$ cat model_16.cif   # mmCIF, C-alpha atoms
data_structure
loop_
_atom_site.label_atom_id
_atom_site.label_comp_id
_atom_site.auth_asym_id
_atom_site.auth_seq_id
_atom_site.Cartn_x
_atom_site.Cartn_y
_atom_site.Cartn_z
CA VAL L 1 154.96 -21.88 -110.21
CA ILE L 2 158.21 -23.27 -111.56
CA ARG L 3 161.64 -22.62 -110.05
CA LEU L 4 164.70 -22.45 -112.27
CA ALA L 5 168.24 -22.38 -110.95
CA ALA L 6 170.61 -21.02 -113.57
CA VAL L 7 174.26 -20.26 -114.07
CA GLY L 8 176.58 -19.83 -117.04
CA ASP L 9 180.27 -19.58 -117.79
CA VAL L 10 181.40 -21.85 -114.99
CA HIS L 11 184.62 -22.39 -117.00
CA PHE L 12 185.65 -25.59 -115.29
CA ASP L 13 189.26 -26.65 -115.59
CA ARG L 14 190.72 -29.94 -114.37
CA HIS L 15 191.15 -28.56 -110.87
CA CYS L 16 187.61 -27.26 -110.30
CA GLY L 17 186.17 -30.45 -108.87
CA GLY L 18 183.80 -29.68 -106.00
CA ARG L 19 183.37 -26.05 -107.00
CA LEU L 20 179.69 -26.65 -107.83
CA SER L 21 178.89 -29.93 -106.14
CA ASN L 22 179.54 -28.54 -102.68
CA HIS L 23 176.57 -26.21 -103.21
CA LEU L 24 174.18 -28.35 -105.21
CA LYS L 25 172.32 -29.66 -102.18
CA LYS L 26 170.94 -26.12 -101.88
CA LEU L 27 168.82 -26.90 -104.94
CA GLN L 28 166.83 -29.52 -103.04
CA GLY L 29 163.49 -27.95 -102.24
CA HIS L 30 164.43 -24.62 -103.82
CA ALA L 31 164.59 -25.36 -107.55
CA ASP L 32 162.99 -27.74 -110.03
CA LEU L 33 165.71 -27.58 -112.71
CA LEU L 34 169.30 -26.42 -113.04
CA LEU L 35 170.06 -24.67 -116.33
CA ILE L 36 173.66 -24.05 -117.43
CA ALA L 37 174.16 -21.46 -120.15
CA GLY L 38 177.35 -22.57 -121.85
CA ASP L 39 181.10 -22.13 -121.43
CA LEU L 40 181.14 -25.16 -119.21
CA THR L 41 184.90 -25.52 -119.68
CA GLN L 42 187.95 -23.28 -119.91
CA VAL L 43 189.58 -24.53 -123.12
CA GLY L 44 187.07 -27.11 -124.29
CA HIS L 45 189.03 -30.19 -123.22
CA VAL L 46 187.10 -33.34 -122.42
CA ASP L 47 188.90 -33.73 -119.08
CA GLU L 48 187.40 -30.40 -118.02
CA GLY L 49 184.00 -31.71 -119.08
CA LYS L 50 184.56 -34.84 -117.00
CA THR L 51 185.39 -32.76 -113.93
CA LEU L 52 182.16 -30.82 -114.35
CA ALA L 53 180.16 -33.98 -115.06
CA GLU L 54 181.37 -35.50 -111.79
CA ASP L 55 180.19 -32.40 -109.93
CA LEU L 56 176.80 -32.43 -111.63
CA LEU L 57 176.21 -36.07 -110.70
CA LYS L 58 175.37 -34.69 -107.26
CA SER L 59 172.57 -32.44 -108.50
CA PRO L 60 169.27 -33.33 -106.83
CA VAL L 61 167.33 -31.85 -109.77
CA PRO L 62 167.55 -32.44 -113.54
CA VAL L 63 170.31 -30.47 -115.26
CA VAL L 64 169.95 -28.95 -118.74
CA ALA L 65 172.96 -27.35 -120.44
CA VAL L 66 174.06 -25.80 -123.69
CA LEU L 67 177.64 -25.48 -124.86
CA GLY L 68 179.43 -22.16 -125.26
CA ASN L 69 182.26 -20.97 -127.48
CA HIS L 70 184.96 -22.15 -125.04
CA ASP L 71 183.58 -25.68 -125.22
CA PHE L 72 184.43 -25.78 -128.94
CA HIS L 73 188.01 -24.53 -128.65
CA SER L 74 189.74 -27.93 -128.57
CA ASP L 75 187.36 -29.55 -131.08
CA GLN L 76 186.18 -31.90 -128.33
CA ASN L 77 182.66 -30.53 -128.02
CA LEU L 78 181.08 -33.86 -128.92
CA LEU L 79 183.14 -35.65 -126.28
CA ILE L 80 182.20 -33.03 -123.70
CA ARG L 81 178.57 -33.50 -124.58
CA SER L 82 178.97 -37.25 -124.25
CA VAL L 83 180.55 -37.21 -120.78
CA LEU L 84 177.89 -34.80 -119.55
CA GLU L 85 175.11 -36.98 -120.94
CA ASP L 86 176.69 -39.99 -119.24
CA ALA L 87 176.28 -38.04 -115.99
CA GLY L 88 172.58 -37.51 -116.72
CA VAL L 89 172.84 -33.95 -118.02
CA THR L 90 170.56 -33.04 -120.93
CA VAL L 91 172.70 -31.15 -123.45
CA LEU L 92 170.84 -29.15 -126.08
CA GLU L 93 172.10 -27.76 -129.37
CA LYS L 94 169.19 -26.58 -131.46
CA GLU L 95 167.06 -29.05 -129.52
CA ILE L 96 164.05 -29.03 -127.22
CA VAL L 97 163.41 -30.85 -123.97
CA ARG L 98 160.11 -30.99 -122.09
CA PHE L 99 159.46 -31.47 -118.38
CA GLU L 100 156.39 -31.71 -116.19
CA ILE L 101 156.83 -29.73 -113.00
CA ASN L 102 154.11 -29.38 -110.39
CA SER L 103 151.45 -30.19 -113.01
CA ASN L 104 152.94 -27.58 -115.37
CA THR L 105 154.49 -28.44 -118.70
CA VAL L 106 157.81 -26.75 -119.38
CA GLY L 107 159.64 -26.65 -122.70
CA ILE L 108 163.25 -25.61 -122.93
CA VAL L 109 164.65 -24.51 -126.27
CA GLY L 110 168.42 -24.82 -126.08
CA LEU L 111 171.28 -23.74 -128.32
CA LYS L 112 174.61 -21.98 -128.27
CA GLY L 113 173.50 -19.16 -130.55
CA PHE L 114 176.02 -16.84 -132.15
CA GLY L 115 176.98 -13.20 -132.70
CA GLY L 116 176.33 -10.52 -135.27
CA GLY L 117 175.46 -7.45 -133.23
CA PHE L 118 172.39 -5.39 -132.64
CA VAL L 119 170.19 -3.05 -134.60
CA SER L 120 172.06 -0.17 -136.25
CA ALA L 121 175.44 -1.80 -135.55
CA CYS L 122 175.27 -5.33 -136.86
CA ALA L 123 176.89 -7.52 -139.43
CA THR L 124 174.96 -8.48 -142.57
CA ASP L 125 175.33 -11.43 -144.90
CA PHE L 126 176.84 -9.29 -147.64
CA GLY L 127 180.23 -9.36 -149.30
CA GLU L 128 182.92 -11.91 -148.59
CA PRO L 129 181.94 -15.53 -148.04
CA GLU L 130 183.45 -15.40 -144.55
CA MET L 131 181.10 -12.60 -143.54
CA LYS L 132 178.12 -14.34 -145.10
CA ALA L 133 178.98 -17.55 -143.25
CA PHE L 134 179.24 -15.63 -139.96
CA VAL L 135 175.83 -14.00 -140.24
CA ARG L 136 174.11 -17.02 -141.74
CA THR L 137 175.20 -19.09 -138.74
CA THR L 138 173.23 -16.71 -136.54
CA LYS L 139 170.31 -16.61 -138.94
CA SER L 140 170.14 -20.39 -138.82
CA ALA L 141 170.11 -20.31 -135.02
CA ALA L 142 167.37 -17.68 -135.01
CA HIS L 143 165.34 -19.71 -137.49
CA PHE L 144 165.51 -22.68 -135.15
CA VAL L 145 164.49 -20.61 -132.11
CA ARG L 146 161.49 -19.13 -133.87
CA ASN L 147 160.20 -22.45 -135.16
CA ALA L 148 160.93 -24.34 -131.95
CA LEU L 149 159.00 -21.81 -129.85
CA ILE L 150 156.07 -21.83 -132.25
CA SER L 151 155.97 -25.63 -132.20
CA LEU L 152 156.00 -25.92 -128.41
CA ASP L 153 152.68 -26.61 -126.71
CA VAL L 154 153.56 -26.14 -123.05
CA ASP L 155 152.66 -23.92 -120.10
CA TYR L 156 156.12 -22.36 -119.88
CA LYS L 157 158.47 -21.71 -122.79
CA ILE L 158 162.08 -21.16 -121.77
CA VAL L 159 165.01 -20.31 -124.04
CA LEU L 160 168.48 -21.34 -122.85
CA MET L 161 171.41 -20.09 -124.89
CA HIS L 162 175.00 -18.93 -124.53
CA TYR L 163 175.03 -15.79 -126.66
CA SER L 164 172.84 -12.83 -125.81
CA PRO L 165 169.65 -12.00 -127.70
CA VAL L 166 169.59 -8.42 -126.40
CA PRO L 167 172.05 -5.58 -125.80
CA ASP L 168 170.51 -4.78 -122.38
CA THR L 169 172.50 -7.44 -120.57
CA LEU L 170 175.76 -6.40 -122.23
CA HIS L 171 176.05 -3.02 -120.52
CA GLY L 172 179.56 -2.83 -119.14
CA GLU L 173 181.18 -4.55 -122.10
CA HIS L 174 183.11 -2.60 -124.73
CA ARG L 175 180.54 -1.68 -127.37
CA GLU L 176 183.03 -2.78 -130.04
CA LEU L 177 182.59 -6.34 -128.73
CA TYR L 178 178.79 -6.44 -128.94
CA PRO L 179 178.77 -8.14 -132.37
CA PHE L 180 180.74 -11.00 -130.81
CA LEU L 181 178.47 -11.27 -127.79
CA GLY L 182 175.08 -11.73 -129.36
CA SER L 183 172.60 -10.80 -132.03
CA TYR L 184 169.28 -9.03 -132.33
CA LEU L 185 168.23 -11.82 -134.71
CA LEU L 186 167.96 -14.15 -131.70
CA GLY L 187 165.85 -11.62 -129.78
CA GLU L 188 163.63 -11.06 -132.77
CA ALA L 189 163.08 -14.81 -133.10
CA ILE L 190 162.20 -15.06 -129.41
CA ASP L 191 159.64 -12.27 -129.72
CA GLU L 192 158.13 -13.78 -132.84
CA GLY L 193 158.05 -17.31 -131.50
CA GLY L 194 156.77 -16.33 -128.07
CA ALA L 195 158.64 -17.19 -124.88
CA ASP L 196 158.26 -16.66 -121.15
CA PHE L 197 161.86 -16.39 -120.06
CA VAL L 198 165.34 -16.33 -121.57
CA ILE L 199 168.60 -17.36 -119.92
CA HIS L 200 171.99 -16.64 -121.45
CA GLY L 201 175.65 -16.23 -120.47
CA HIS L 202 178.83 -15.28 -122.39
CA SER L 203 179.02 -11.67 -121.20
CA HIS L 204 181.22 -11.56 -118.12
CA LEU L 205 181.21 -7.78 -117.82
CA GLY L 206 177.52 -7.28 -118.53
CA VAL L 207 174.53 -7.08 -116.21
CA GLU L 208 171.95 -9.64 -115.15
CA HIS L 209 168.66 -8.05 -116.14
CA GLY L 210 167.28 -7.26 -119.56
CA GLN L 211 164.33 -7.90 -121.82
CA THR L 212 163.61 -8.31 -125.49
CA PRO L 213 162.00 -5.44 -127.39
CA GLY L 214 158.80 -7.49 -127.14
CA GLY L 215 159.03 -7.65 -123.34
CA VAL L 216 160.33 -11.16 -122.66
CA PRO L 217 162.47 -11.17 -119.49
CA VAL L 218 166.14 -11.98 -120.18
CA ARG L 219 168.75 -12.87 -117.58
CA ASN L 220 172.51 -13.00 -118.10
CA VAL L 221 173.60 -15.64 -115.61
CA ALA L 222 177.34 -15.62 -116.35
CA GLN L 223 178.90 -16.53 -113.03
CA HIS L 224 181.06 -13.39 -113.15
CA VAL L 225 177.84 -11.36 -113.27
CA ILE L 226 175.57 -13.09 -110.76
CA ARG L 227 178.47 -13.68 -108.33
CA HIS L 228 176.73 -16.78 -107.00
CA VAL L 229 177.10 -20.47 -107.59
CA PHE L 230 173.71 -20.08 -109.33
CA ASN L 231 170.67 -17.85 -109.12
CA ILE L 232 167.10 -19.03 -108.74
CA TYR L 233 164.17 -17.61 -110.69
CA THR L 234 160.51 -18.39 -110.08
CA LEU L 235 157.98 -18.07 -112.86
CA ASN L 236 154.28 -17.86 -112.20
CA LYS L 237 151.93 -18.14 -115.14
CA GLU L 238 149.62 -15.60 -113.57
CA GLY L 239 152.37 -12.99 -113.53
CA LEU L 240 153.65 -13.52 -117.03
CA VAL L 241 152.38 -11.86 -120.15
CA ARG L 242 153.17 -13.70 -123.33
CA ILE L 243 153.98 -11.48 -126.25
CA GLU L 244 152.09 -13.20 -129.03
CA ASN L 245 149.79 -10.21 -129.28
CA MET L 246 152.82 -8.21 -130.41
CA VAL L 247 153.86 -10.66 -133.10
CA PRO L 248 153.44 -9.37 -136.65
CA GLU L 249 150.35 -10.73 -138.35
CA VAL L 250 152.37 -12.85 -140.75
CA ASN L 251 153.79 -14.79 -137.82
CA GLN L 252 150.58 -14.97 -135.79
CA SER L 253 149.16 -17.30 -138.38
CA ARG L 254 152.00 -19.70 -137.63
CA ALA L 255 151.65 -19.42 -133.87
CA HIS L 256 150.65 -22.56 -132.10
CA ALA L 257 147.18 -22.74 -130.62
CA SER L 258 148.57 -22.95 -127.10
CA ASN L 259 150.41 -19.62 -127.43
CA GLN L 260 147.66 -17.51 -125.95
CA PRO L 261 148.38 -14.56 -123.65
CA ASN L 262 147.90 -15.50 -120.03
CA VAL Y 1 213.70 27.62 -140.61
CA GLN Y 2 215.06 27.48 -137.12
CA ALA Y 3 217.46 24.68 -136.52
CA VAL Y 4 216.48 22.24 -133.82
CA PRO Y 5 219.26 21.86 -131.28
CA SER Y 6 220.69 18.40 -131.50
CA ALA Y 7 220.33 16.20 -128.44
CA PRO Y 8 223.45 15.42 -126.51
CA ALA Y 9 225.12 12.22 -127.57
CA LYS Y 10 224.03 9.16 -125.57
CA ALA Y 11 225.77 5.95 -124.82
CA ALA Y 12 224.51 2.97 -126.80
CA LEU Y 13 221.32 1.51 -125.29
CA LYS Y 14 221.48 -1.82 -123.58
CA LEU Y 15 219.15 -4.53 -124.85
CA SER Y 16 216.94 -4.30 -121.77
CA GLU Y 17 216.55 -0.58 -122.39
CA VAL Y 18 215.63 -1.15 -126.02
CA LYS Y 19 212.88 -3.49 -124.88
CA CYS Y 20 211.46 -0.68 -122.79
CA HIS Y 21 210.65 1.07 -126.04
CA VAL Y 22 208.25 -1.62 -127.24
CA PRO Y 23 204.91 0.17 -126.96
CA ASP Y 24 202.98 -1.07 -123.93
CA SER Y 25 199.95 -1.73 -126.11
CA TYR Y 26 201.90 -4.30 -128.14
CA VAL Y 27 203.20 -5.98 -125.01
CA ILE Y 28 199.67 -6.18 -123.61
CA ALA Y 29 198.32 -7.53 -126.90
CA ARG Y 30 201.09 -10.16 -127.02
CA ILE Y 31 200.37 -11.31 -123.47
CA LYS Y 32 196.59 -11.38 -123.93
CA ASP Y 33 196.97 -13.34 -127.15
CA ALA Y 34 199.13 -15.90 -125.33
CA LEU Y 35 196.64 -16.13 -122.46
CA THR Y 36 193.80 -16.75 -124.90
CA HIS Y 37 195.50 -19.37 -127.04
CA ASP Y 38 197.70 -21.24 -124.59
CA ILE Y 39 195.85 -24.36 -123.50
CA ARG Y 40 197.14 -23.93 -119.94
CA SER Y 41 195.20 -20.69 -119.56
CA GLY Y 42 192.61 -20.25 -122.35
CA ASP Y 43 191.56 -17.08 -120.61
CA GLN Y 44 190.30 -13.88 -122.23
CA GLU Y 45 189.22 -12.18 -119.03
CA ILE Y 46 192.50 -11.34 -117.35
CA LYS Y 47 193.16 -7.61 -117.18
CA VAL Y 48 196.75 -6.97 -118.21
CA MET Y 49 198.52 -3.68 -117.54
CA VAL Y 50 202.11 -2.70 -118.22
CA ASP Y 51 204.00 -0.17 -116.13
CA GLY Y 52 207.59 0.18 -117.25
CA MET Y 53 209.09 -3.29 -117.07
CA ARG Y 54 206.34 -4.54 -114.79
CA VAL Y 55 203.24 -6.52 -115.84
CA LEU Y 56 200.21 -6.36 -113.58
CA LEU Y 57 197.63 -9.13 -113.74
CA LEU Y 58 194.19 -8.29 -112.37
CA GLY Y 59 190.90 -10.14 -112.20
CA GLU Y 60 189.43 -13.38 -110.95
CA VAL Y 61 190.14 -16.99 -111.83
CA VAL Y 62 188.40 -20.24 -110.97
CA SER Y 63 191.23 -22.02 -109.16
CA GLU Y 64 194.65 -21.58 -107.58
CA GLU Y 65 196.09 -23.83 -110.30
CA HIS Y 66 194.64 -21.57 -112.97
CA ARG Y 67 196.18 -18.56 -111.26
CA ARG Y 68 199.61 -20.22 -111.40
CA ASN Y 69 199.10 -21.32 -115.01
CA VAL Y 70 198.26 -17.77 -116.08
CA GLU Y 71 201.40 -16.43 -114.47
CA GLU Y 72 203.48 -19.12 -116.16
CA VAL Y 73 202.07 -18.27 -119.59
CA VAL Y 74 202.68 -14.55 -119.04
CA ARG Y 75 206.25 -15.18 -117.90
CA GLU Y 76 206.98 -17.17 -121.05
CA SER Y 77 205.40 -14.61 -123.38
CA ALA Y 78 207.13 -11.61 -121.77
CA PRO Y 79 210.24 -13.01 -120.07
CA GLU Y 80 211.92 -9.64 -119.73
CA TYR Y 81 209.13 -8.25 -117.55
CA ARG Y 82 208.54 -8.62 -113.82
CA ILE Y 83 205.09 -9.97 -113.02
CA ASP Y 84 202.84 -8.71 -110.26
CA ASN Y 85 200.11 -11.32 -110.03
CA HIS Y 86 197.07 -9.82 -108.32
CA LEU Y 87 194.65 -12.46 -109.60
CA LYS Y 88 192.18 -13.72 -107.04
CA VAL Y 89 190.40 -17.03 -106.91
CA ALA Y 90 186.68 -16.21 -107.07
CA VAL Y 91 184.73 -17.38 -104.06
CA LEU Y 92 181.23 -18.58 -104.88
CA THR Y 93 178.34 -18.04 -102.52
CA GLU Y 94 174.82 -19.40 -102.61
CA PRO Y 95 171.91 -17.08 -103.42
CA GLU Y 96 169.92 -15.91 -100.43
CA GLY Y 97 166.58 -16.07 -102.20
CA ALA Y 98 164.89 -16.36 -105.55
CA GLU Y 99 163.80 -13.68 -108.01
CA ALA Y 100 160.14 -13.79 -108.97
CA VAL Y 101 160.31 -13.03 -112.69
CA ARG Y 102 157.67 -10.63 -113.95
#
$ encode --input "model_16.cif" --output "structure tokens"
Amino acid sequence: VIRLAAVGDVHFDRHCGGRLSNHLKKLQGHADLLLIAGDLTQVGHVDEGKTLAEDLLKSPVPVVAVLGNHDFHSDQNLLIRSVLEDAGVTVLEKEIVRFEINSNTVGIVGLKGFGGGFVSACATDFGEPEMKAFVRTTKSAAHFVRNALISLDVDYKIVLMHYSPVPDTLHGEHRELYPFLGSYLLGEAIDEGGADFVIHGHSHLGVEHGQTPGGVPVRNVAQHVIRHVFNIYTLNKEGLVRIENMVPEVNQSRAHASNQPN
Amino acid sequence: VQAVPSAPAKAALKLSEVKCHVPDSYVIARIKDALTHDIRSGDQEIKVMVDGMRVLLLGEVVSEEHRRNVEEVVRESAPEYRIDNHLKVAVLTEPEGAEAVR
């Protein structure tokens, strides 16, 4: 069993010091990792990142984070990443990190992701260069997710991102906003690559629970949604069904040998 | 064609009365745009409503300072309006248990 604490959209400003750290001792003995699903800051200023980094120094478990759209607003995303890494946080952007937890290997595929919408109401890379650039950004993210998951040889494959890979967790948002909240391309990549669990944020008015069309559990952990300082999820290999048997044949040939249904 | 009776003559409108005629939707859009782009707020989640010359701010923010900053930005972007700030600072609680994911 592995235990994942997760939260997103903490939106720290300069005055939020202590907002998380006062609760982090709760993780001791209850979680193995803390995952943060982007929008770490309010306006993407490095001082906001420093305030959060100081809070996270008190985490008794390793912290893994991705950046969200807010963290890019002031063009200081690299500085924010740097101050978080100085505090021991692993920041992922189209990157993978591996852990060994209770004799289980865990791989976390992390990225911000991007929008585009969902089947029957999505943007396509057609027409103006601006629209092509928009959709191709998401396609690039999806390409990374698919290949990263296929390459991972671990007991548990986790995807941590900011944008949503499914519409399920967006219920409550204006439907007109869906294309700016996530993309089916990310969900498709998760199903094709094979994953055990997906964490995302970004949707403050959505709901917590969802799943990909292939059956991978998805949780929207935006703090506005979960209403807690974080939520904790336990994953047990015995209870999980990987979805490789649903992957189209063309992709099965690329699947890693370890990606067998449990 | 039947002639439409002409309205009785009115005194010239004062400036404050003219401002009342700015459609509420434009006022809301102007305020929300300021809240999004102003570095003091950077907030897209505040619910903004306009009732006459009154602006209502609803929702949750992360700190008391942020609550004050939002009000300041709104006051500057719509100085002719009175502001009713109903924003609350969200209180975070710890989860009582864990979800076993299936």
$ residues_around --input "model_16.cif" --residues "Tyr178 in chain L" --least-positions-apart "6" --cutoff "10 Å" --atoms "only C-alpha atoms" --output "ChimeraX atom specification"
/L:115-118,121-122,164,166-167,170-171,203
$ interface_residues --input "model_16.cif" --of "chain Y" --to "chain L" --cutoff "10 Å" --atoms "all atoms listed in the file" --output "JSON, numbers by chain"
{"Y": [36, 37, 38, 39, 40, 41, 42, 43, 44, 45, 60, 61, 62, 63, 64, 65, 66, 90, 91, 92, 93, 94, 95, 96, 97, 98, 99, 100, 101, 102]}
$ residues_around --input "model_16.cif" --residues "Val106 in chain L" --least-positions-apart "3" --cutoff "8 Å" --atoms "all atoms listed in the file" --output "list in words"
Arg98, Phe99, Glu100, Ile101, Val154, Asp155, Tyr156, Lys157 and Ile158 of chain L
$ write_last_selection --input "model_16.cif" --atoms "C-alpha atoms" --output "PDB file, in the frame of the given file"
ATOM      1  CA  ARG L  98     160.110 -30.990-122.090  1.00  0.00           C
ATOM      2  CA  PHE L  99     159.460 -31.470-118.380  1.00  0.00           C
ATOM      3  CA  GLU L 100     156.390 -31.710-116.190  1.00  0.00           C
ATOM      4  CA  ILE L 101     156.830 -29.730-113.000  1.00  0.00           C
ATOM      5  CA  VAL L 154     153.560 -26.140-123.050  1.00  0.00           C
ATOM      6  CA  ASP L 155     152.660 -23.920-120.100  1.00  0.00           C
ATOM      7  CA  TYR L 156     156.120 -22.360-119.880  1.00  0.00           C
ATOM      8  CA  LYS L 157     158.470 -21.710-122.790  1.00  0.00           C
ATOM      9  CA  ILE L 158     162.080 -21.160-121.770  1.00  0.00           C
TER      10      ILE L 158
END
$ atom_distance --input "model_16.cif" --atom1 "CA of Leu87 in chain Y" --atom2 "CA of Ile46 in chain Y"
8.1 Å
$ resolve_selection --input "model_16.cif" --expression "the PyMOL selection byres ((chain L and resi 76) around 10)" --output "list in words"
Val43, Gly44, His45, Val46, Asp47, Gly49, Asp71, Phe72, His73, Ser74, Asp75, Asn77, Leu78, Leu79, Ile80, Arg81 and Ser82 of chain L
$ closest_residue --input "model_16.cif" --among "Y:Leu56, Y:Val48, Y:Val89, Y:Ile31" --to "Glu76 in chain Y" --atoms "all atoms listed in the file"
Y:Ile31
$ resolve_selection --input "model_16.cif" --expression "the PyMOL selection byres ((chain L and resi 209) around 8)" --output "JSON, numbers by chain"
{"L": [168, 169, 207, 208, 210, 211, 217, 218, 219, 220]}
$ resolve_selection --input "model_16.cif" --expression "the PyMOL selection byres ((chain Y and resi 82) around 7)" --output "short mmCIF file (atom, residue, chain, number, x, y, z; two decimals) with C-alpha atoms, keeping the file's coordinate frame"
data_model
loop_
_atom_site.label_atom_id
_atom_site.label_comp_id
_atom_site.auth_asym_id
_atom_site.auth_seq_id
_atom_site.Cartn_x
_atom_site.Cartn_y
_atom_site.Cartn_z
CA MET Y 53 209.09 -3.29 -117.07
CA ARG Y 54 206.34 -4.54 -114.79
CA VAL Y 55 203.24 -6.52 -115.84
CA GLU Y 80 211.92 -9.64 -119.73
CA TYR Y 81 209.13 -8.25 -117.55
CA ILE Y 83 205.09 -9.97 -113.02
CA ASP Y 84 202.84 -8.71 -110.26
#
$ axis_aligned_box --input "model_16.cif" --around "range 72-91 of chain Y" --padding-each-side "5 Å" --output "JSON"
{"center_x": 198.3, "center_y": -13.7, "center_z": -113.7, "size_x": 37.2, "size_y": 20.9, "size_z": 29.3}
$ residues_around --input "model_16.cif" --residues "Ala65 in chain L" --least-positions-apart "4" --cutoff "12 Å" --atoms "all atoms listed in the file" --output "MDAnalysis selection string"
chainID L and resid 5:10 33:40 49 52:53 56 71 80:81 84:85 88:97 108:112 159:162 199:201
$ atom_distance --input "model_16.cif" --atom1 "CA of Asp55 in chain L" --atom2 "CA of Thr105 in chain L"
27.4 Å
$ residues_around --input "model_16.cif" --residues "Asn147 in chain L" --least-positions-apart "5" --cutoff "12 Å" --atoms "only C-alpha atoms" --output "list in words"
Lys94, Glu95, Ile96, Val109, Ser140, Ala141, Ala142, Leu152, Leu186, Ala189, Ile190, Asp191, Glu192, Gly193, Gly194, Ala195, Asn251, Arg254, Ala255 and His256 of chain L
$ atom_distance --input "model_16.cif" --atom1 "CA of Thr212 in chain L" --atom2 "CA of Val135 in chain L"
20.0 Å
$ closest_residue --input "model_16.cif" --among "Y:Asp24, Y:Leu35, Y:Ala78, Y:Glu72" --to "Asp51 in chain Y" --atoms "all atoms listed in the file"
Y:Asp24
$ closest_residue --input "model_16.cif" --among "L:Ile150, L:Ala123, L:Leu57, L:Val83" --to "Gly107 in chain L" --atoms "only C-alpha atoms"
L:Ile150
$ closest_residue --input "model_16.cif" --among "Y:His21, Y:Arg67, Y:Arg75, Y:His86" --to "Ala34 in chain Y" --atoms "all atoms listed in the file"
Y:Arg75
$ build_atoms --input "model_16.cif" --residues "range 62-67 of chain L" --atoms "all heavy atoms" --output "mmCIF file, keeping the file's coordinate frame"
data_model
loop_
_atom_site.group_PDB
_atom_site.id
_atom_site.type_symbol
_atom_site.label_atom_id
_atom_site.label_comp_id
_atom_site.auth_asym_id
_atom_site.auth_seq_id
_atom_site.Cartn_x
_atom_site.Cartn_y
_atom_site.Cartn_z
ATOM 1 N N PRO L 62 167.045 -32.268 -112.174
ATOM 2 C CA PRO L 62 167.550 -32.440 -113.540
ATOM 3 C C PRO L 62 168.385 -31.236 -114.003
ATOM 4 O O PRO L 62 168.076 -30.091 -113.646
ATOM 5 C CB PRO L 62 166.275 -32.569 -114.381
ATOM 6 C CG PRO L 62 165.219 -33.023 -113.422
ATOM 7 C CD PRO L 62 165.576 -32.392 -112.110
ATOM 8 N N VAL L 63 169.430 -31.520 -114.760
ATOM 9 C CA VAL L 63 170.310 -30.470 -115.260
ATOM 10 C C VAL L 63 170.194 -30.395 -116.782
ATOM 11 O O VAL L 63 170.268 -31.421 -117.464
ATOM 12 C CB VAL L 63 171.788 -30.745 -114.883
ATOM 13 C CG1 VAL L 63 172.687 -29.612 -115.373
ATOM 14 C CG2 VAL L 63 171.932 -30.941 -113.377
ATOM 15 N N VAL L 64 170.008 -29.193 -117.292
ATOM 16 C CA VAL L 64 169.950 -28.950 -118.740
ATOM 17 C C VAL L 64 171.047 -27.947 -119.073
ATOM 18 O O VAL L 64 171.167 -26.916 -118.398
ATOM 19 C CB VAL L 64 168.580 -28.407 -119.180
ATOM 20 C CG1 VAL L 64 168.557 -28.189 -120.694
ATOM 21 C CG2 VAL L 64 167.463 -29.330 -118.744
ATOM 22 N N ALA L 65 171.842 -28.237 -120.091
ATOM 23 C CA ALA L 65 172.960 -27.350 -120.440
ATOM 24 C C ALA L 65 173.041 -27.132 -121.939
ATOM 25 O O ALA L 65 172.568 -27.957 -122.724
ATOM 26 C CB ALA L 65 174.277 -27.949 -119.934
ATOM 27 N N VAL L 66 173.621 -26.017 -122.306
ATOM 28 C CA VAL L 66 174.060 -25.800 -123.690
ATOM 29 C C VAL L 66 175.557 -25.564 -123.654
ATOM 30 O O VAL L 66 176.116 -25.229 -122.600
ATOM 31 C CB VAL L 66 173.340 -24.598 -124.359
ATOM 32 C CG1 VAL L 66 171.850 -24.853 -124.463
ATOM 33 C CG2 VAL L 66 173.617 -23.299 -123.609
ATOM 34 N N LEU L 67 176.213 -25.745 -124.774
ATOM 35 C CA LEU L 67 177.640 -25.480 -124.860
ATOM 36 C C LEU L 67 177.872 -24.017 -125.232
ATOM 37 O O LEU L 67 177.003 -23.361 -125.820
ATOM 38 C CB LEU L 67 178.314 -26.387 -125.888
ATOM 39 C CG LEU L 67 178.181 -27.899 -125.665
ATOM 40 C CD1 LEU L 67 179.020 -28.652 -126.707
ATOM 41 C CD2 LEU L 67 178.600 -28.307 -124.259
#
